[in-house]
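Participant: Here you go, input_35.txt (compact mmCIF, C-alpha atoms):
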```txt
# COMPACT_ATOMS: atom_id res chain seq x y z
CA MET A 1 0.00 0.00 0.00
CA ARG A 2 2.86 2.44 0.82
CA THR A 3 4.55 1.66 -2.51
CA GLN A 4 1.32 2.36 -4.36
CA ASN A 5 0.96 5.81 -2.64
CA LYS A 6 4.54 6.68 -3.59
CA PHE A 7 3.87 5.95 -7.24
CA ARG A 8 0.73 8.15 -7.06
CA GLN A 9 2.78 11.09 -5.67
CA LEU A 10 5.36 10.99 -8.49
CA PRO A 11 3.23 12.84 -11.12
CA VAL A 12 2.36 15.54 -8.58
CA LEU A 13 6.00 16.11 -7.76
CA ALA A 14 6.96 16.20 -11.42
CA LEU A 15 4.26 18.81 -12.17
CA ALA A 16 5.42 20.94 -9.25
CA LEU A 17 9.03 20.81 -10.45
CA LEU A 18 7.94 21.77 -13.97
CA LEU A 19 5.92 24.76 -12.77
CA SER A 20 8.81 25.85 -10.56
CA ALA A 21 11.18 25.74 -13.51
CA CYS A 22 8.81 27.77 -15.68
CA GLY A 23 8.41 30.37 -12.93
CA ALA A 24 12.16 30.72 -12.68
CA LYS A 25 12.45 31.28 -16.42
CA GLU A 26 9.62 33.81 -16.31
CA ALA A 27 11.32 35.69 -13.48
CA LYS A 28 14.58 35.81 -15.38
CA LYS A 29 12.90 37.31 -18.49
CA PRO A 30 13.90 41.02 -18.87
CA PRO A 31 11.14 43.69 -18.89
CA ARG A 32 9.82 44.51 -22.35
CA ILE A 33 10.90 47.87 -23.78
CA PRO A 34 7.80 50.03 -24.46
CA GLU A 35 7.02 51.04 -27.99
CA VAL A 36 6.17 54.74 -28.51
CA GLY A 37 5.03 56.87 -31.42
CA TYR A 38 6.76 60.17 -32.11
CA VAL A 39 6.30 63.23 -34.32
CA VAL A 40 9.27 65.08 -35.81
CA MET A 41 9.16 68.82 -35.16
CA THR A 42 9.32 71.12 -38.17
CA ALA A 43 9.35 74.92 -38.54
CA GLN A 44 6.58 76.80 -40.32
CA THR A 45 4.98 80.22 -40.52
CA VAL A 46 1.97 80.24 -38.22
CA PRO A 47 -0.75 82.94 -38.23
CA LEU A 48 -1.50 84.17 -34.71
CA VAL A 49 -5.30 84.09 -34.63
CA ILE A 50 -7.21 86.04 -31.99
CA GLU A 51 -10.93 86.08 -31.24
CA LEU A 52 -12.61 89.40 -30.46
CA SER A 53 -16.13 90.73 -30.13
CA GLY A 54 -17.63 93.25 -32.51
CA ARG A 55 -20.80 94.93 -33.77
CA THR A 56 -21.98 95.58 -37.27
CA SER A 57 -22.62 99.07 -38.59
CA ALA A 58 -23.82 100.43 -41.93
CA TYR A 59 -21.23 101.17 -44.61
CA GLU A 60 -23.01 104.47 -45.37
CA THR A 61 -25.86 106.23 -43.57
CA SER A 62 -27.72 109.26 -44.88
CA ASP A 63 -30.71 111.22 -43.58
CA VAL A 64 -33.30 112.33 -46.12
CA ARG A 65 -33.98 116.01 -45.41
CA PRO A 66 -36.00 118.70 -47.23
CA GLN A 67 -34.13 121.51 -48.98
CA VAL A 68 -37.21 123.76 -49.27
CA ASN A 69 -40.25 124.52 -47.15
CA GLY A 70 -43.64 123.14 -48.07
CA VAL A 71 -46.33 120.51 -47.66
CA ILE A 72 -45.67 116.86 -48.57
CA LYS A 73 -47.81 116.09 -51.61
CA ALA A 74 -46.87 112.42 -52.12
CA ARG A 75 -44.51 109.67 -50.96
CA GLN A 76 -42.87 107.71 -53.78
CA PHE A 77 -41.27 104.70 -52.04
CA VAL A 78 -42.13 101.60 -50.02
CA GLU A 79 -40.80 101.60 -46.49
CA GLY A 80 -37.98 99.08 -45.98
CA SER A 81 -37.27 98.73 -49.69
CA LEU A 82 -34.05 99.25 -51.63
CA VAL A 83 -33.75 102.67 -53.25
CA LYS A 84 -31.22 104.03 -55.73
CA GLN A 85 -29.32 107.27 -55.55
CA GLY A 86 -31.33 110.07 -57.22
CA GLN A 87 -34.65 108.24 -56.98
CA THR A 88 -37.54 110.54 -56.01
CA LEU A 89 -38.76 109.77 -52.48
CA TYR A 90 -41.12 112.65 -51.65
CA GLU A 91 -42.91 115.38 -53.62
CA ILE A 92 -43.42 118.77 -51.98
CA ASP A 93 -46.20 121.03 -53.31
CA PRO A 94 -44.41 122.96 -56.13
CA SER A 95 -47.03 125.71 -56.75
CA LEU A 96 -45.19 128.56 -55.01
CA TYR A 97 -41.87 127.57 -56.57
CA ARG A 98 -43.28 127.43 -60.09
CA ALA A 99 -44.59 130.94 -59.56
CA ALA A 100 -41.17 132.03 -58.34
CA VAL A 101 -39.62 130.67 -61.52
CA SER A 102 -42.13 132.54 -63.68
CA GLN A 103 -41.44 135.77 -61.81
CA ALA A 104 -37.69 135.33 -62.19
CA GLU A 105 -38.09 134.71 -65.93
CA ALA A 106 -40.12 137.91 -66.28
CA ASN A 107 -37.55 139.93 -64.33
CA LEU A 108 -34.80 138.57 -66.55
CA ALA A 109 -36.69 139.46 -69.72
CA ASN A 110 -37.22 143.03 -68.46
CA ALA A 111 -33.54 143.37 -67.60
CA GLN A 112 -32.49 142.10 -71.01
CA ALA A 113 -34.78 144.66 -72.72
CA THR A 114 -33.35 147.44 -70.58
CA LEU A 115 -29.85 146.29 -71.49
CA GLU A 116 -30.58 146.47 -75.21
CA THR A 117 -31.92 150.02 -74.88
CA ALA A 118 -28.96 151.20 -72.79
CA GLN A 119 -26.41 149.65 -75.13
CA ALA A 120 -28.08 151.24 -78.19
CA LYS A 121 -28.13 154.64 -76.54
CA ALA A 122 -24.46 154.40 -75.58
CA ALA A 123 -23.60 153.36 -79.13
CA ARG A 124 -25.44 156.42 -80.61
CA TYR A 125 -23.81 158.86 -78.16
CA LYS A 126 -20.26 157.80 -78.88
CA PRO A 127 -19.84 159.42 -82.39
CA LEU A 128 -21.87 162.46 -81.29
CA ALA A 129 -19.58 162.97 -78.36
CA ASP A 130 -16.57 162.78 -80.68
CA ILE A 131 -17.88 165.76 -82.74
CA GLU A 132 -19.12 167.46 -79.58
CA ALA A 133 -22.76 167.22 -80.71
CA VAL A 134 -23.53 165.95 -77.19
CA SER A 135 -21.62 166.53 -74.06
CA LYS A 136 -19.12 163.97 -72.89
CA GLN A 137 -21.04 163.77 -69.63
CA ASP A 138 -24.15 162.55 -71.44
CA TYR A 139 -22.09 159.88 -73.20
CA SER A 140 -20.52 158.79 -69.92
CA ASP A 141 -23.98 158.50 -68.31
CA ALA A 142 -25.29 156.40 -71.23
CA LYS A 143 -22.26 154.11 -71.08
CA ALA A 144 -22.67 153.66 -67.31
CA ALA A 145 -26.38 152.88 -67.73
CA ALA A 146 -25.47 150.14 -70.21
CA GLY A 147 -23.03 148.66 -67.67
CA VAL A 148 -25.70 148.68 -64.95
CA ALA A 149 -28.08 146.92 -67.32
CA VAL A 150 -25.49 144.18 -67.92
CA ALA A 151 -25.14 143.63 -64.17
CA GLN A 152 -28.91 143.48 -63.73
CA VAL A 153 -29.19 140.81 -66.41
CA ALA A 154 -26.58 138.70 -64.58
CA GLN A 155 -28.39 139.24 -61.29
CA PHE A 156 -31.75 138.14 -62.66
CA LYS A 157 -30.16 135.12 -64.35
CA ALA A 158 -28.86 134.03 -60.94
CA ALA A 159 -32.29 134.60 -59.39
CA LEU A 160 -33.88 132.48 -62.13
CA GLU A 161 -31.37 129.70 -61.52
CA THR A 162 -32.10 129.81 -57.79
CA ALA A 163 -35.82 129.60 -58.45
CA ARG A 164 -35.35 126.63 -60.74
CA ILE A 165 -33.18 124.85 -58.14
CA ASN A 166 -35.83 125.39 -55.47
CA LEU A 167 -38.46 124.04 -57.83
CA ARG A 168 -36.28 120.98 -58.45
CA PHE A 169 -35.91 120.50 -54.67
CA THR A 170 -39.67 119.96 -54.41
CA SER A 171 -38.85 116.43 -55.60
CA VAL A 172 -36.81 115.02 -52.69
CA PRO A 173 -34.23 112.49 -54.05
CA ALA A 174 -32.38 109.63 -52.36
CA PRO A 175 -28.87 110.93 -51.49
CA ILE A 176 -27.34 107.40 -51.58
CA SER A 177 -28.33 103.91 -52.68
CA GLY A 178 -29.37 101.52 -49.94
CA ARG A 179 -32.24 100.27 -47.82
CA ILE A 180 -34.62 102.95 -46.61
CA GLY A 181 -36.31 102.79 -43.23
CA ARG A 182 -39.74 103.95 -42.15
CA SER A 183 -41.05 107.35 -43.17
CA LEU A 184 -41.12 109.88 -40.35
CA VAL A 185 -43.53 112.19 -42.16
CA THR A 186 -46.86 111.53 -43.85
CA THR A 187 -48.61 113.05 -46.84
CA GLY A 188 -49.93 116.49 -45.92
CA GLY A 189 -47.22 117.13 -43.36
CA LEU A 190 -45.42 120.46 -43.31
CA VAL A 191 -41.64 120.27 -43.70
CA THR A 192 -38.99 122.97 -43.34
CA THR A 193 -35.33 123.20 -44.23
CA GLY A 194 -34.21 123.56 -40.61
CA GLN A 195 -36.32 120.83 -38.99
CA THR A 196 -34.68 118.48 -36.48
CA ASN A 197 -36.10 115.15 -37.63
CA PRO A 198 -35.24 113.74 -41.07
CA LEU A 199 -37.95 112.54 -43.44
CA ALA A 200 -36.39 109.04 -43.50
CA GLN A 201 -33.00 107.33 -43.23
CA ILE A 202 -31.13 105.28 -45.83
CA GLN A 203 -28.41 102.76 -44.97
CA ARG A 204 -26.02 101.07 -47.37
CA LEU A 205 -25.53 97.51 -46.13
CA ASP A 206 -23.43 95.95 -48.91
CA PRO A 207 -20.62 96.02 -47.99
CA ILE A 208 -21.10 96.38 -44.23
CA PHE A 209 -18.69 97.39 -41.46
CA VAL A 210 -17.86 95.38 -38.33
CA ASP A 211 -16.36 97.43 -35.49
CA ILE A 212 -14.05 95.19 -33.45
CA GLN A 213 -12.92 96.01 -29.92
CA GLN A 214 -9.34 95.04 -29.02
CA SER A 215 -7.66 95.59 -25.66
CA SER A 216 -5.05 98.34 -25.80
CA SER A 217 -2.64 96.13 -23.80
CA ASP A 218 -2.89 93.38 -26.44
CA LEU A 219 -2.25 95.93 -29.15
CA VAL A 220 0.83 97.23 -27.32
CA THR A 221 2.14 93.66 -26.97
CA LEU A 222 1.60 93.02 -30.66
CA ARG A 223 3.41 96.19 -31.69
CA ARG A 224 6.30 95.35 -29.35
CA GLU A 225 6.61 91.89 -30.93
CA LEU A 226 6.49 93.41 -34.40
CA SER A 227 9.23 95.91 -33.56
CA ALA A 228 11.38 93.18 -31.98
CA GLY A 229 11.09 90.98 -35.04
CA GLY A 230 9.48 88.07 -33.22
CA VAL A 231 6.46 88.18 -35.48
CA THR A 232 5.61 89.72 -38.84
CA ALA A 233 2.52 91.68 -39.84
CA SER A 234 -0.05 89.79 -41.88
CA SER A 235 -3.01 90.78 -44.00
CA ALA A 236 -5.79 90.78 -41.44
CA ALA A 237 -8.50 88.65 -43.02
CA VAL A 238 -11.47 88.34 -40.67
CA ARG A 239 -14.04 85.57 -40.19
CA LEU A 240 -17.32 86.00 -38.36
CA THR A 241 -19.38 83.88 -36.00
CA LEU A 242 -22.99 85.06 -35.80
CA GLU A 243 -25.22 85.32 -32.74
CA ASP A 244 -26.72 81.87 -33.33
CA GLY A 245 -23.26 80.26 -33.38
CA SER A 246 -23.11 79.74 -37.15
CA ASP A 247 -20.16 80.91 -39.28
CA TYR A 248 -20.66 83.72 -41.78
CA PRO A 249 -19.62 82.28 -45.16
CA LEU A 250 -17.79 85.35 -46.52
CA THR A 251 -14.45 86.79 -45.43
CA GLY A 252 -13.81 90.43 -44.54
CA HIS A 253 -10.65 92.52 -44.20
CA VAL A 254 -9.54 95.11 -41.66
CA GLN A 255 -9.72 98.62 -43.11
CA PHE A 256 -8.07 100.64 -40.32
CA ALA A 257 -7.56 100.97 -36.57
CA GLU A 258 -8.54 104.10 -34.69
CA PRO A 259 -5.49 106.01 -33.39
CA VAL A 260 -7.02 106.61 -29.94
CA VAL A 261 -7.95 104.43 -26.96
CA ASP A 262 -11.44 104.67 -25.50
CA PRO A 263 -10.85 105.88 -21.91
CA ASN A 264 -14.06 104.21 -20.71
CA THR A 265 -13.30 100.70 -21.97
CA GLY A 266 -9.53 100.71 -22.56
CA THR A 267 -10.03 99.34 -26.06
CA VAL A 268 -9.10 100.31 -29.60
CA THR A 269 -11.64 99.97 -32.40
CA LEU A 270 -10.66 98.05 -35.53
CA ARG A 271 -12.99 98.40 -38.51
CA ALA A 272 -13.41 95.55 -40.98
CA ALA A 273 -15.51 95.53 -44.16
CA PHE A 274 -17.55 92.47 -45.19
CA PRO A 275 -19.49 91.76 -48.38
CA ASN A 276 -23.18 91.41 -47.59
CA PRO A 277 -24.95 90.58 -50.87
CA GLN A 278 -27.82 88.67 -49.22
CA GLY A 279 -28.41 91.28 -46.51
CA LEU A 280 -27.84 88.70 -43.78
CA LEU A 281 -25.89 91.17 -41.64
CA LEU A 282 -27.85 94.08 -40.21
CA PRO A 283 -26.53 97.12 -38.31
CA GLY A 284 -26.23 96.59 -34.55
CA MET A 285 -25.72 92.81 -34.60
CA TYR A 286 -23.30 91.32 -32.05
CA VAL A 287 -20.71 89.01 -33.64
CA ARG A 288 -17.49 87.18 -32.76
CA THR A 289 -14.53 87.76 -35.04
CA ARG A 290 -11.40 85.73 -35.72
CA LEU A 291 -8.43 87.45 -37.30
CA ALA A 292 -4.68 87.12 -37.62
CA GLN A 293 -2.91 90.45 -37.18
CA ALA A 294 0.53 88.84 -37.29
CA ALA A 295 2.32 85.61 -38.14
CA ALA A 296 5.12 83.83 -36.29
CA PRO A 297 7.90 82.75 -38.69
CA ASN A 298 9.84 79.54 -38.04
CA ALA A 299 7.31 78.49 -35.41
CA ILE A 300 7.15 74.97 -33.96
CA LEU A 301 3.77 73.35 -33.32
CA ALA A 302 3.61 70.39 -30.92
CA PRO A 303 0.56 68.08 -30.79
CA GLN A 304 -1.51 68.66 -27.67
CA GLN A 305 -1.43 64.97 -26.70
CA GLY A 306 2.36 65.21 -26.43
CA VAL A 307 2.36 68.19 -24.03
CA SER A 308 1.60 67.82 -20.32
CA ARG A 309 1.94 70.03 -17.24
CA ASP A 310 4.05 69.43 -14.16
CA PRO A 311 2.84 70.28 -10.63
CA ARG A 312 4.12 73.84 -11.09
CA GLY A 313 2.13 74.28 -14.29
CA ASN A 314 5.15 74.20 -16.60
CA ALA A 315 4.65 72.56 -19.99
CA THR A 316 6.74 69.40 -20.52
CA VAL A 317 7.29 66.94 -23.36
CA TYR A 318 9.02 63.59 -23.70
CA LEU A 319 11.56 63.32 -26.52
CA VAL A 320 13.25 60.37 -28.13
CA GLY A 321 16.81 61.13 -27.06
CA PRO A 322 20.21 59.68 -27.98
CA GLY A 323 20.31 55.90 -27.82
CA ASP A 324 16.50 55.78 -28.07
CA LYS A 325 16.06 56.82 -24.46
CA ALA A 326 13.27 59.03 -23.12
CA VAL A 327 14.23 62.64 -22.35
CA LEU A 328 11.91 64.89 -20.32
CA ARG A 329 12.14 68.52 -21.39
CA THR A 330 10.42 71.69 -20.17
CA VAL A 331 9.07 73.93 -22.93
CA LYS A 332 7.22 77.22 -23.19
CA ALA A 333 3.76 76.78 -24.71
CA ASP A 334 1.29 79.59 -23.96
CA ARG A 335 -0.95 79.56 -27.05
CA THR A 336 -2.92 76.90 -28.90
CA ILE A 337 -3.19 76.91 -32.67
CA GLY A 338 -5.98 74.53 -33.61
CA ASP A 339 -5.17 71.16 -32.01
CA LYS A 340 -1.50 72.02 -31.37
CA TRP A 341 0.56 74.06 -28.93
CA LEU A 342 2.72 76.89 -30.24
CA VAL A 343 6.10 76.20 -28.60
CA THR A 344 8.23 79.34 -28.39
CA SER A 345 11.20 77.78 -26.58
CA GLY A 346 12.47 74.37 -25.54
CA LEU A 347 12.12 72.55 -28.87
CA GLU A 348 14.20 72.57 -32.02
CA VAL A 349 13.58 71.46 -35.56
CA GLY A 350 14.16 67.72 -35.83
CA ASP A 351 13.24 66.87 -32.21
CA LYS A 352 11.11 63.74 -31.89
CA VAL A 353 8.21 64.43 -29.54
CA ILE A 354 6.50 61.34 -28.14
CA VAL A 355 2.73 61.46 -28.61
CA GLU A 356 1.74 57.78 -28.28
CA GLY A 357 2.48 55.32 -25.49
CA LEU A 358 3.26 58.02 -22.93
CA ASP A 359 1.67 56.08 -20.05
CA LYS A 360 4.69 53.72 -19.92
CA VAL A 361 7.43 56.31 -20.43
CA LYS A 362 9.81 57.45 -17.71
CA PRO A 363 12.91 59.66 -17.94
CA ASN A 364 16.01 57.86 -19.35
CA GLN A 365 13.94 54.75 -20.13
CA PRO A 366 14.93 52.72 -23.23
CA LEU A 367 12.32 52.95 -25.99
CA HIS A 368 11.26 51.37 -29.26
CA PRO A 369 10.40 54.59 -31.19
CA VAL A 370 8.25 54.45 -34.33
CA PRO A 371 6.56 57.25 -36.29
CA ALA A 372 3.17 58.15 -34.82
CA GLY A 373 0.31 56.23 -36.36
CA SER A 374 2.45 53.19 -37.24
CA ALA A 375 1.12 49.68 -36.60
CA PRO A 376 2.43 48.31 -33.25
CA ARG A 377 5.31 45.82 -33.26
CA HIS A 378 3.44 43.60 -30.78
CA GLY A 379 -0.25 42.94 -31.35
CA GLY A 380 -2.24 44.46 -28.51
CA GLY A 381 0.92 44.99 -26.43
CA ALA A 382 0.99 47.50 -23.61
CA GLY A 383 2.47 50.89 -24.38
CA GLY A 384 2.50 50.43 -28.17
CA PRO A 385 1.26 53.38 -30.22
CA GLY A 386 -1.42 51.24 -31.82
CA GLY A 387 -2.44 49.17 -28.76
CA LYS A 388 -4.24 49.83 -25.52
CA ALA A 389 -2.17 50.77 -22.51
CA GLY A 390 -2.16 48.17 -19.73
CA GLY A 391 -2.49 45.01 -21.93
CA LYS A 392 -0.91 41.73 -20.90
CA GLY A 393 1.33 39.33 -22.76
CA ASP A 394 3.38 39.60 -25.89
CA GLY A 395 1.63 38.76 -29.11
CA PRO A 396 3.38 37.24 -32.11
CA ALA A 397 5.51 39.57 -34.18
CA ARG A 398 3.78 41.02 -37.25
CA PRO A 399 5.09 39.91 -40.65
CA GLY A 400 7.60 42.26 -42.16
CA ARG A 401 8.44 43.99 -38.86
```
Now, as a test, write the supplied structure out as structure tokens.
Facilitator:
Amino acid sequence: MRTQNKFRQLPVLALALLLSACGAKEAKKPPRIPEVGYVVMTAQTVPLVIELSGRTSAYETSDVRPQVNGVIKARQFVEGSLVKQGQTLYEIDPSLYRAAVSQAEANLANAQATLETAQAKAARYKPLADIEAVSKQDYSDAKAAAGVAVAQVAQFKAALETARINLRFTSVPAPISGRIGRSLVTTGGLVTTGQTNPLAQIQRLDPIFVDIQQSSSDLVTLRRELSAGGVTASSAAVRLTLEDGSDYPLTGHVQFAEPVVDPNTGTVTLRAAFPNPQGLLLPGMYVRTRLAQAAAPNAILAPQQGVSRDPRGNATVYLVGPGDKAVLRTVKADRTIGDKWLVTSGLEVGDKVIVEGLDKVKPNQPLHPVPAGSAPRHGGGAGGPGGKAGGKGDGPARPGR
């Protein structure tokens, strides 16, 4: 019976020895070097985009005002419609002004007749004065009367022209082309040349202005960077985001910046012009603008997933260093450009920034670096750029790797 129990214990002992041997081999196996994906840093010219608030305003605004006194006889436009420059908007009763024209024409005709008589008399007196048939004084008086008649003709011509202008002003024209608002006077209303309220207002909305408010401190910083050569000026193309969050499809351009700072808000107004063919933008709308006033030459952009912050808030990146070892470096990254950080110091062209497999990376750790987005060397392995962090086991090597 004892011999039989010994033979039964032999397979158990053998299995224990085999498992012990395997455990020893597993313990002696060196730790696997993590595989990481990197991106090579390059230099490029990067526009420095800022986002500012703004309000729309009409490109041109003109009040419709009467040039003569009178009673409104008719209104010749539809409120809220588009009108063209020179189009008749109102008609003022022209009766008195037609009469003034007729009177001025009669005065001119009388002056012209007087002129003819005075000139004829002066012409007859001239040879008589030469032979002393009339006195020289009489000839001088006739000549002077002809000169006065010439001046009177010019005076009455000017009066006739004035009367005709006033008659023309009884048809009130549109001073500019644009969209006209509501009429502030009705048919039968009395209007005068010095009245406070206009008859109506016209606004030109295509193109349209957007007044952008920028902090004076930001403007000073920009000008300092431009003077130092850190950035270069760029053509300030502007994009708009409307009040409902949608993007305006057309691009505008900055026209000028006011040379003074508003003491109440501490801002400088930039004015941009936008095409507005559909009339989507109306004066007084609040919008968000995006524009690039400058561009950074030879700038380095690092992917956001490769940049982290230490406990002090400093930006850090891991690089593939000499001998394929991880190098932790502190960089200066204060601005985002899209999905990347603009790095102003700490990185150089050609540096390999690790963006994949960072959860297994420590300073001075050996690495298996591959370009970001490459297929992992070990299927599903931990730390590989294509696998999930924290996986177990080593899969078979992929063909061709």
Participant: One decimal, in Å: what's the spacing between atom CA of Arg124 of chain A and atom CA of Gln155 of chain A?
Facilitator: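 Going from atom CA of Arg124 of chain A over to atom CA of Gln155 of chain A covers 26.0 Å.
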Participant: Between atom CA of Leu48 of chain A and atom CA of Ala315 of chain A, what is the distance in Å, rounded to a tenth?
Facilitator: 19.7 Å
Participant: I need the residue nearest Val260 of chain A from this list: A:Asn364, A:Ser345, A:Thr61, A:Gln214. Use only C-alpha atoms for the distance.
Facilitator: A:Gln214
Participant: Excluding Val39 of chain A and any residue of its chain fewer than 4 positions from it, enumerate the residues within 8 Å of it, using all atoms listed in the file, and give them as a ChimeraX atom specification.
Facilitator: /A:352-355,371-372
Participant: Val46 of chain A: which residues within 7 Å, counting all atoms listed in the file, same-chain residues fewer than 6 positions away excluded, as an MDAnalysis selection string?
Facilitator: chainID A and resid 295:297 299
Participant: Take the residues just selected and output them with C-alpha atoms as a short mmCIF file (atom, residue, chain, number, x, y, z; two decimals), in the coordinates of the input.
Facilitator:
```cif
data_model
loop_
_atom_site.label_atom_id
_atom_site.label_comp_id
_atom_site.auth_asym_id
_atom_site.auth_seq_id
_atom_site.Cartn_x
_atom_site.Cartn_y
_atom_site.Cartn_z
CA ALA A 295 2.32 85.61 -38.14
CA ALA A 296 5.12 83.83 -36.29
CA PRO A 297 7.90 82.75 -38.69
CA ALA A 299 7.31 78.49 -35.41
#
```
Participant: Could you tell me which of A:Lys360, A:Arg55, A:Lys340, A:Lys136 comes closest to Leu282 of chain A if we count all atoms listed in the file?
Facilitator: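 Checking each of A:Lys360, A:Arg55, A:Lys340, A:Lys136 against Leu282 of chain A, counting all atoms listed in the file, the winner is A:Arg55.
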